[in-house]
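Report on one structure; see the data block that follows.
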2 protein chains.
Amino acid sequence: MNIKAVALKAKVSTATVSRTINGSATVKPETAERVRRAIESLNFYPDINARALGSGRSSLYGLIISDITNPFFPELVKAFEDVAVEHQQELLIANTDYDKARMETCVIRMLQRKVDGVAIMTSEMDDRLIEVFSRRHIPLVLLDTDVAAPGVSSVRFDYRIGVVAAIDHLTALHHRRIAFISGPLALASARVRATAFAEGMAQHHLLNRKGLVAEGNHRVDGGLRAMKRILQSKLLPTAVVCSNDLTAIGAISAIYQHGLRVPEDISVVGYDDIQLAAHTHPSLTTLRLPRTELATTAFHSLFGKRSIDRKPLPMGESHVFQPHLIIRESTGPAAQGPSSS
Amino acid sequence: MNIKAVALKAKVSTATVSRTINGSATVKPETAERVRRAIESLNFYPDINARALGSGRSSLYGLIISDITNPFFPELVKAFEDVAVEHQQELLIANTDYDKARMETCVIRMLQRKVDGVAIMTSEMDDRLIEVFSRRHIPLVLLDTDVAAPGVSSVRFDYRIGVVAAIDHLTALHHRRIAFISGPLALASARVRATAFAEGMAQHHLLNRKGLVAEGNHRVDGGLRAMKRILQSKLLPTAVVCSNDLTAIGAISAIYQHGLRVPEDISVVGYDDIQLAAHTHPSLTTLRLPRTELATTAFHSLFGKRSIDRKPLPMGESHVFQPHLIIRESTGPAAQGPSSS
DNA sequence: TATACAATAGTAAGCGATTACAATTGCCAT
DNA sequence: ATGGCAATTGTAATCGCTTACTATTGTATA
């Protein structure tokens with residue numbers, strides 16, 4: 001079953017079939033209709049590999065993420081897939097596992113498959129690899145990284161605004177001693193949030209005490225351990241802001257284990273708004289990152305730039321999305337007196 | 001950059017280059033070495049599309065799942081990807097969203113990309129679609145479905161053994177009134193677990209009371225609502241088994257909201273052992289499904305059958321995996337007297 | 001009526017690999 | 001010397017589609 005069979009059946013040349021499939025304007029409507037009927041009746045689907053080979057375009061988009069089992073990503077993947085499929089494009093997903101070597105093989109895989117564009121949703125991307133794509137005129141979109149180069153766009157969240165909103169919310173509830181649990185500071189994405197917290201606190205003229213800042217790992221266990229460390233301090237915080245929701249879940253756990261309650265003794269704010277955040281106990285006040293919008297924008301940025309002939313690309317754009325505070329049950333008025341462990 | 005350039009550089013024909021790349025035994029070692037050096041120095045990666053077109057094999061495997069945001073799947077996806085990449089194969093992921101129409105487009109996408117095999121990890125697959133693959137001699141592996149056909153293998157979990165293990169555990173703790181929250185019974189995968197519960201209870205000569213069985217939706221909110229319904233009954237259960245972990249999380253929520261405690265008043269058992277299960281409050285006693293093994297087995301079943309020439313396939317095999325009870329904090333001794341709402 | 005041009009459709013040369021088949025070489029047994 | 005055979009390599013057809021280029025219309029214009 002190939003295009004020739006269709007051509008035969010519709011009594012036209014293969015070129016006309018191809019043109020019909022690709023919606024070329026130079027096919028007479030009646031002819032096109034005949035071709036379409038032939039396609040229908042033969043149950044024909046063009047071979048995408050042949051198509052890619054012939055046209056130079058693969059209709060494939062790469063999506064590189066750190067770890068699909070991190071609940072931050074599935075929603076992103078799904079949104080990206082939805083919009084890609086809507087445009088008849090396909091998705092190639094690759095996990096780096098936060099590993100440089102794997103990142104390298106991911107990039108090679110993308111090249112071999114001749115992807116039409118790549119979205120890199122992990123901040124651990126070095127410049128050398130970016131150049132690999134650049135040189136081949138493959139559009140790129142990066143998360144949380146601003147690179148000014150042809151064909152390289154960026155999408156970012158304004159983490160600072162999010163943190164400020166969280167601190168606003170907490171100060172309105174009379175919180176003053178606010179702790180922070182960061183992600184693994186080896187990761188740029190985590191550093192960006194840590195910096196945002198420091199700046200947000202400064203903006204509110206609040207002290208960012210040493211004992212009240214701990215490093216987690218963006219997973220539940222790290223949040224738990226970090227919170228335990230914080231609970232060692234003489235002067236306990238009345239609220240804690242976490243670098244992501246999993247960390248917050250861990251922190252809540254630690255607080256309970258310490259015999260305190262959330263939010264009565266300590267309020268907790270997460271970051272991301274993963275699906276689960278609405279269903280924890282107490283449900284999590286958190287900063288929602290609009291991941292669907294992010295994915296959609298990222299895809300369009302790539303799709304818009306896909307070049308038929310691999311010619312030099314236009315300069316990329318930069319998009320910024322605002323986090324949005326979702327108030328749930330894990331935050332409440334600050335505890336009265338200074339409670340101590 | 002193509003195979004011709006390599007051939008030129010290595011002073012051989014393109015055929016020899018191709019043979020070297022594919023590890024054909026008929027290339028003299030010294031020649032092969034020279035070719036490899038040329039490939040290295042030119043930084044050449046064969047075009048996979050051309051390769052697929054020429055050879056008829058795409059090195060692509062389809063993975064069809066219901067919903068990537070359901071935490072059951074990411075681990076599966078990851079394991080599958082890991083083993084695929086290890087074998088230099090690629091993964092094409094498709095979400096059906098539990099939707100027949102989307103399932104159809106997924107299948108078409110797979111066909112167009114000329115996948116070498118498809119793993120269908122959602123039980124909502126109708127026979128007509130299976131035949132589409134069968135006719136094209138594309139190996140298939142199905143989850144929880146036993147289809148005896150050439151090239152169609154199946155992987156299953158023995159849900160009943162899992163439920164029996166859970167009931168064993170609960171009866172050892174003197175539980176007698178055990179409730180069950182199922183998944184959406186419209187889904188075969190959920191029905192299979194519901195049936196397993198009924199059989200497990202029968203095996204233990206325990207009553208499977210009407211008021212103590214409710215239908216959820218395999219999500220947190222469904223578990224919550226279902227548990228609320230159960231808590232209406234005059235005679236409360238002392239334990240509840242859930243069709244999956246998210247349901248269990250919802251159930252725990254409902255129990256707390258009802259002023260009761262877990263496990264002191266009611267014990268809760270989940271199913272799946274998603275990553276989060278170890279980090280809830282209380283942490284979840286659950287039945288671990290070996291997803292990594294499942295994915296690995298599924299991949300090998302497909303990879304082993306990939307046919308060079310799309311010739312008739314051998315009969316598929318059937319694999320069964322045992323769930324394993326993980327005891328955590330959400331189960332404890334049965335409450336003494338009959339507690340009533 | 002001759003000419004130009006737009007609309008439509010066909011011819012055939014790629015795209016970059018794989019692979020059947022043919023060719024060359026060297027070695028051995030006759 | 002010579003046919004046979006194994007080992008190695010080359011030639012060229014092929015996979016199924018795209019698309020530059022060419023050919024054929026029909027129609028409007030001079």
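Chain labels follow the order of the structure tokens: the first chain is A, the next B, and so on; residue numbering restarts at 1 in every chain, and ligands are counted from 1 in their shown order.
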
Interface residues on chain D facing chain A, 7 Å, only C-alpha atoms (C1' of nucleotides), written as a PyMOL selection string: chain D and resi 16-18

Residue hits in chain A, query chain B, radius 8 Å, only C-alpha atoms, as a ChimeraX atom specification: /A:45-50,52-53,68-69,71,74-75,77-78,91-93,95,112-114,220-221,249-250,253,279-281

Distance table requested - chain C against chain B, cut-off 9 Å, only C-alpha atoms (C1' of nucleotides): one row per qualifying residue with the closest atom pair and its distance in Å to one decimal, ordered by chain and rising residue number, as a tab-separated table.
```
residue	atom	partner	partner_atom	distance
C:DC15	C1'	B:Ala50	CA	7.8
C:DG16	C1'	B:Ala50	CA	5.0
C:DA17	C1'	B:Ala50	CA	4.7
C:DT18	C1'	B:Gly54	CA	4.9
C:DT19	C1'	B:Ala15	CA	8.3
```

Give me, as CSV, the closest atom pair and its distance (Å, one decimal) for every residue of chain D within a cut-off of 10 Å of region 24-27 of chain C, counting only C-alpha atoms (C1' of nucleotides), rows sorted by chain and rising number.
```
residue,atom,partner,partner_atom,distance
D:DC5,C1',C:DC27,C1',9.1
D:DA6,C1',C:DC27,C1',9.1
D:DA7,C1',C:DT25,C1',8.6
D:DT8,C1',C:DT25,C1',8.2
D:DT9,C1',C:DT24,C1',8.0
D:DG10,C1',C:DT24,C1',9.2
```

Skip Thr292 (chain B) itself and residues of its chain fewer than 2 positions away, then list as a list in words all residues within 7 Å of it, counting only C-alpha atoms (C1' of nucleotides). Leu76, Ala79, Pro290, Leu294, Ala295 and Thr296 of chain B

Within region 193-254 of chain A, find each residue whose DSSP state, derived from the backbone, is helix (DSSP H, G or I), and express the selection as an NGL selection string. :A and (193-203 or 210-212 or 220-230 or 245-254)

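Atom pair CA of Ile65 (chain A) / CA of Ile120 (chain A): separated by 6.5 Å.
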
DSSP strand (DSSP E or B) selection over region 63-310 of chain A, as a count of residues only: 47
